[in-house]
Amino acid sequence: MAITQREIDCARDLFNIGWSGDDPLGPTRYMTEDVQMRDIAMKAGPEAITGHEAIANRWRHVAGRMRLPVEDIFVGVDGDSIVVQWFVYVKIVEGEHAGRWDMGEGNSLLYFRDGLVSLEVDFWHGRQGKCDDWEAHFAARQALGKARRGGVSGFWVPEA
């Protein structure tokens, strides 16, 4: 299957709307019923999470407080996959950093069937830093431009 604008829009909406929304089932609107998802760096085990309910249950704890804006989208050389480069922010709700945002960068490899994600494999190292305002931080990252942004890690914060 060749990637079309439909799959590119699905990938963008999966992160900007689905993963960034309040509903734990939100991301599944962009996924097949039998979707499989693996997170290779989070020590969740070698097995994929399969299906809408399993995915919602795994991520329910961050629904409404996670933002996952897309930084870039790449179509695979085989033409049947997309890699999404993203930055994640999760609002801290308790402890000394309550109200701040944990943050980190990552990528997801997506395969599609019938215009929906059928496999998502996430690559990221986990939390890398903290910021006070996710929107201001993301805007500052975007202002760096693609080449310069690639040279800073998920720990980077703009100078005051």
# chains A, B, ... in the order shown; residues from 1 in each chain; ligands from 1
>>> select_by_dssp(residues="chain A", states="strand (DSSP E or B)", output="PyMOL selection string")
chain A and resi 31-39+49-50+66-67+70-75+81-91+101-113+116-124+129-131
>>> residues_around(residues="A:Ala2", least_positions_apart="4", cutoff="9 Å", atoms="only C-alpha atoms", output="PyMOL selection string")
chain A and resi 78-81
>>> write_last_selection(atoms="N, CA and C atoms", output="short mmCIF file (atom, residue, chain, number, x, y, z; two decimals), in the first residue's frame")
data_model
loop_
_atom_site.label_atom_id
_atom_site.label_comp_id
_atom_site.auth_asym_id
_atom_site.auth_seq_id
_atom_site.Cartn_x
_atom_site.Cartn_y
_atom_site.Cartn_z
N ASP A 78 10.17 2.49 1.40
CA ASP A 78 9.34 1.46 0.77
C ASP A 78 7.96 1.98 0.41
N GLY A 79 7.63 3.21 0.87
CA GLY A 79 6.36 3.83 0.53
C GLY A 79 5.17 3.28 1.29
N ASP A 80 5.38 2.40 2.27
CA ASP A 80 4.22 1.85 2.98
C ASP A 80 4.28 2.10 4.49
N SER A 81 5.15 3.03 4.92
CA SER A 81 5.23 3.36 6.34
C SER A 81 5.50 4.85 6.49
#
>>> residues_around(residues="A:Gly21", least_positions_apart="4", cutoff="7 Å", atoms="only C-alpha atoms", output="list in words")
Ile17, Gly26, Ala63 and Gly64 of chain A
>>> residues_around(residues="A:Leu68", least_positions_apart="3", cutoff="9 Å", atoms="only C-alpha atoms", output="ChimeraX atom specification")
/A:15-20,86-90
>>> write_last_selection(atoms="N, CA and C atoms", output="PDB file, in the first residue's frame")
ATOM      1  N   PHE A  15      -1.390  11.978  16.736  1.00  0.00           N
ATOM      2  CA  PHE A  15      -0.568  12.594  17.780  1.00  0.00           C
ATOM      3  C   PHE A  15      -1.136  13.931  18.256  1.00  0.00           C
ATOM      4  N   ASN A  16      -1.445  14.821  17.320  1.00  0.00           N
ATOM      5  CA  ASN A  16      -1.900  16.172  17.703  1.00  0.00           C
ATOM      6  C   ASN A  16      -3.272  16.186  18.350  1.00  0.00           C
ATOM      7  N   ILE A  17      -4.127  15.227  18.008  1.00  0.00           N
ATOM      8  CA  ILE A  17      -5.488  15.190  18.549  1.00  0.00           C
ATOM      9  C   ILE A  17      -5.690  13.959  19.435  1.00  0.00           C
ATOM     10  N   GLY A  18      -5.415  12.766  18.895  1.00  0.00           N
ATOM     11  CA  GLY A  18      -5.687  11.524  19.617  1.00  0.00           C
ATOM     12  C   GLY A  18      -4.894  11.378  20.905  1.00  0.00           C
ATOM     13  N   TRP A  19      -3.570  11.331  20.786  1.00  0.00           N
ATOM     14  CA  TRP A  19      -2.732  11.171  21.974  1.00  0.00           C
ATOM     15  C   TRP A  19      -2.762  12.412  22.859  1.00  0.00           C
ATOM     16  N   SER A  20      -3.066  13.561  22.303  1.00  0.00           N
ATOM     17  CA  SER A  20      -3.055  14.812  23.066  1.00  0.00           C
ATOM     18  C   SER A  20      -4.403  15.146  23.698  1.00  0.00           C
ATOM     19  N   TRP A  86       8.237  13.411  17.081  1.00  0.00           N
ATOM     20  CA  TRP A  86       7.347  14.125  17.988  1.00  0.00           C
ATOM     21  C   TRP A  86       8.089  14.557  19.241  1.00  0.00           C
ATOM     22  N   PHE A  87       7.414  15.404  19.994  1.00  0.00           N
ATOM     23  CA  PHE A  87       7.913  15.819  21.302  1.00  0.00           C
ATOM     24  C   PHE A  87       6.763  15.642  22.267  1.00  0.00           C
ATOM     25  N   VAL A  88       6.998  14.988  23.388  1.00  0.00           N
ATOM     26  CA  VAL A  88       5.922  14.702  24.338  1.00  0.00           C
ATOM     27  C   VAL A  88       6.078  15.556  25.590  1.00  0.00           C
ATOM     28  N   TYR A  89       4.940  15.995  26.089  1.00  0.00           N
ATOM     29  CA  TYR A  89       4.864  16.738  27.350  1.00  0.00           C
ATOM     30  C   TYR A  89       3.795  16.068  28.210  1.00  0.00           C
ATOM     31  N   VAL A  90       4.114  15.797  29.476  1.00  0.00           N
ATOM     32  CA  VAL A  90       3.141  15.215  30.397  1.00  0.00           C
ATOM     33  C   VAL A  90       3.108  16.090  31.644  1.00  0.00           C
TER      34      VAL A  90
END
>>> select_by_dssp(residues="chain A", states="helix (DSSP H, G or I)", output="ChimeraX atom specification")
/A:5-19,26-30,52-62,134-143,146-149
>>> closest_residue(among="A:Ser108, A:Ser153, A:Ser118, A:Gln85", to="A:Gln36", atoms="only C-alpha atoms")
A:Ser118
>>> closest_residue(among="A:Glu71, A:Pro24, A:Gly51, A:Asp39", to="A:Arg12", atoms="only C-alpha atoms")
A:Glu71
>>> decode(residues="stretch 2-30 of chain A", atoms="N, CA and C atoms", output="PDB file, in the first residue's frame")
ATOM      1  N   ALA A   2       0.616   2.144  -0.879  1.00  0.00           N
ATOM      2  CA  ALA A   2       1.372   3.396  -0.933  1.00  0.00           C
ATOM      3  C   ALA A   2       0.755   4.418   0.027  1.00  0.00           C
ATOM      4  N   ILE A   3       1.613   5.134   0.708  1.00  0.00           N
ATOM      5  CA  ILE A   3       1.166   6.200   1.619  1.00  0.00           C
ATOM      6  C   ILE A   3       0.577   7.337   0.795  1.00  0.00           C
ATOM      7  N   THR A   4      -0.596   7.806   1.202  1.00  0.00           N
ATOM      8  CA  THR A   4      -1.245   8.941   0.559  1.00  0.00           C
ATOM      9  C   THR A   4      -1.441  10.046   1.599  1.00  0.00           C
ATOM     10  N   GLN A   5      -2.033  11.133   1.165  1.00  0.00           N
ATOM     11  CA  GLN A   5      -2.315  12.233   2.093  1.00  0.00           C
ATOM     12  C   GLN A   5      -3.238  11.766   3.226  1.00  0.00           C
ATOM     13  N   ARG A   6      -4.093  10.802   2.937  1.00  0.00           N
ATOM     14  CA  ARG A   6      -4.995  10.267   3.973  1.00  0.00           C
ATOM     15  C   ARG A   6      -4.207   9.702   5.156  1.00  0.00           C
ATOM     16  N   GLU A   7      -3.165   8.924   4.885  1.00  0.00           N
ATOM     17  CA  GLU A   7      -2.355   8.342   5.959  1.00  0.00           C
ATOM     18  C   GLU A   7      -1.516   9.409   6.663  1.00  0.00           C
ATOM     19  N   ILE A   8      -1.012  10.364   5.898  1.00  0.00           N
ATOM     20  CA  ILE A   8      -0.235  11.456   6.510  1.00  0.00           C
ATOM     21  C   ILE A   8      -1.123  12.243   7.471  1.00  0.00           C
ATOM     22  N   ASP A   9      -2.342  12.557   7.053  1.00  0.00           N
ATOM     23  CA  ASP A   9      -3.279  13.277   7.929  1.00  0.00           C
ATOM     24  C   ASP A   9      -3.641  12.436   9.150  1.00  0.00           C
ATOM     25  N   CYS A  10      -3.830  11.142   8.952  1.00  0.00           N
ATOM     26  CA  CYS A  10      -4.137  10.238  10.062  1.00  0.00           C
ATOM     27  C   CYS A  10      -2.998  10.246  11.076  1.00  0.00           C
ATOM     28  N   ALA A  11      -1.763  10.160  10.599  1.00  0.00           N
ATOM     29  CA  ALA A  11      -0.598  10.160  11.486  1.00  0.00           C
ATOM     30  C   ALA A  11      -0.528  11.460  12.288  1.00  0.00           C
ATOM     31  N   ARG A  12      -0.692  12.573  11.619  1.00  0.00           N
ATOM     32  CA  ARG A  12      -0.639  13.881  12.290  1.00  0.00           C
ATOM     33  C   ARG A  12      -1.754  13.985  13.332  1.00  0.00           C
ATOM     34  N   ASP A  13      -2.958  13.595  12.967  1.00  0.00           N
ATOM     35  CA  ASP A  13      -4.092  13.693  13.888  1.00  0.00           C
ATOM     36  C   ASP A  13      -3.968  12.711  15.049  1.00  0.00           C
ATOM     37  N   LEU A  14      -3.386  11.548  14.815  1.00  0.00           N
ATOM     38  CA  LEU A  14      -3.184  10.579  15.893  1.00  0.00           C
ATOM     39  C   LEU A  14      -2.427  11.226  17.048  1.00  0.00           C
ATOM     40  N   PHE A  15      -1.390  11.978  16.736  1.00  0.00           N
ATOM     41  CA  PHE A  15      -0.568  12.594  17.780  1.00  0.00           C
ATOM     42  C   PHE A  15      -1.136  13.931  18.256  1.00  0.00           C
ATOM     43  N   ASN A  16      -1.445  14.821  17.320  1.00  0.00           N
ATOM     44  CA  ASN A  16      -1.900  16.172  17.703  1.00  0.00           C
ATOM     45  C   ASN A  16      -3.272  16.186  18.350  1.00  0.00           C
ATOM     46  N   ILE A  17      -4.127  15.227  18.008  1.00  0.00           N
ATOM     47  CA  ILE A  17      -5.488  15.190  18.549  1.00  0.00           C
ATOM     48  C   ILE A  17      -5.690  13.959  19.435  1.00  0.00           C
ATOM     49  N   GLY A  18      -5.415  12.766  18.895  1.00  0.00           N
ATOM     50  CA  GLY A  18      -5.687  11.524  19.617  1.00  0.00           C
ATOM     51  C   GLY A  18      -4.894  11.378  20.905  1.00  0.00           C
ATOM     52  N   TRP A  19      -3.570  11.331  20.786  1.00  0.00           N
ATOM     53  CA  TRP A  19      -2.732  11.171  21.974  1.00  0.00           C
ATOM     54  C   TRP A  19      -2.762  12.412  22.859  1.00  0.00           C
ATOM     55  N   SER A  20      -3.066  13.561  22.303  1.00  0.00           N
ATOM     56  CA  SER A  20      -3.055  14.812  23.066  1.00  0.00           C
ATOM     57  C   SER A  20      -4.403  15.146  23.698  1.00  0.00           C
ATOM     58  N   GLY A  21      -5.389  14.295  23.570  1.00  0.00           N
ATOM     59  CA  GLY A  21      -6.731  14.596  24.049  1.00  0.00           C
ATOM     60  C   GLY A  21      -7.021  14.084  25.449  1.00  0.00           C
ATOM     61  N   ASP A  22      -8.259  14.291  25.864  1.00  0.00           N
ATOM     62  CA  ASP A  22      -8.711  13.915  27.204  1.00  0.00           C
ATOM     63  C   ASP A  22      -9.240  12.485  27.289  1.00  0.00           C
ATOM     64  N   ASP A  23      -9.603  11.900  26.167  1.00  0.00           N
ATOM     65  CA  ASP A  23     -10.250  10.587  26.136  1.00  0.00           C
ATOM     66  C   ASP A  23      -9.209   9.489  25.950  1.00  0.00           C
ATOM     67  N   PRO A  24      -9.116   8.529  26.890  1.00  0.00           N
ATOM     68  CA  PRO A  24      -8.145   7.439  26.725  1.00  0.00           C
ATOM     69  C   PRO A  24      -8.341   6.643  25.435  1.00  0.00           C
ATOM     70  N   LEU A  25      -9.560   6.632  24.908  1.00  0.00           N
ATOM     71  CA  LEU A  25      -9.817   5.949  23.636  1.00  0.00           C
ATOM     72  C   LEU A  25      -9.584   6.854  22.427  1.00  0.00           C
ATOM     73  N   GLY A  26      -9.263   8.115  22.655  1.00  0.00           N
ATOM     74  CA  GLY A  26      -9.065   9.077  21.570  1.00  0.00           C
ATOM     75  C   GLY A  26      -8.118   8.617  20.481  1.00  0.00           C
ATOM     76  N   PRO A  27      -6.936   8.105  20.841  1.00  0.00           N
ATOM     77  CA  PRO A  27      -6.010   7.664  19.786  1.00  0.00           C
ATOM     78  C   PRO A  27      -6.570   6.532  18.929  1.00  0.00           C
ATOM     79  N   THR A  28      -7.446   5.721  19.493  1.00  0.00           N
ATOM     80  CA  THR A  28      -7.937   4.550  18.762  1.00  0.00           C
ATOM     81  C   THR A  28      -8.847   4.919  17.599  1.00  0.00           C
ATOM     82  N   ARG A  29      -9.312   6.151  17.551  1.00  0.00           N
ATOM     83  CA  ARG A  29     -10.096   6.598  16.380  1.00  0.00           C
ATOM     84  C   ARG A  29      -9.265   6.565  15.103  1.00  0.00           C
ATOM     85  N   TYR A  30      -7.948   6.551  15.275  1.00  0.00           N
ATOM     86  CA  TYR A  30      -7.030   6.576  14.136  1.00  0.00           C
ATOM     87  C   TYR A  30      -6.353   5.220  13.932  1.00  0.00           C
TER      88      TYR A  30
END
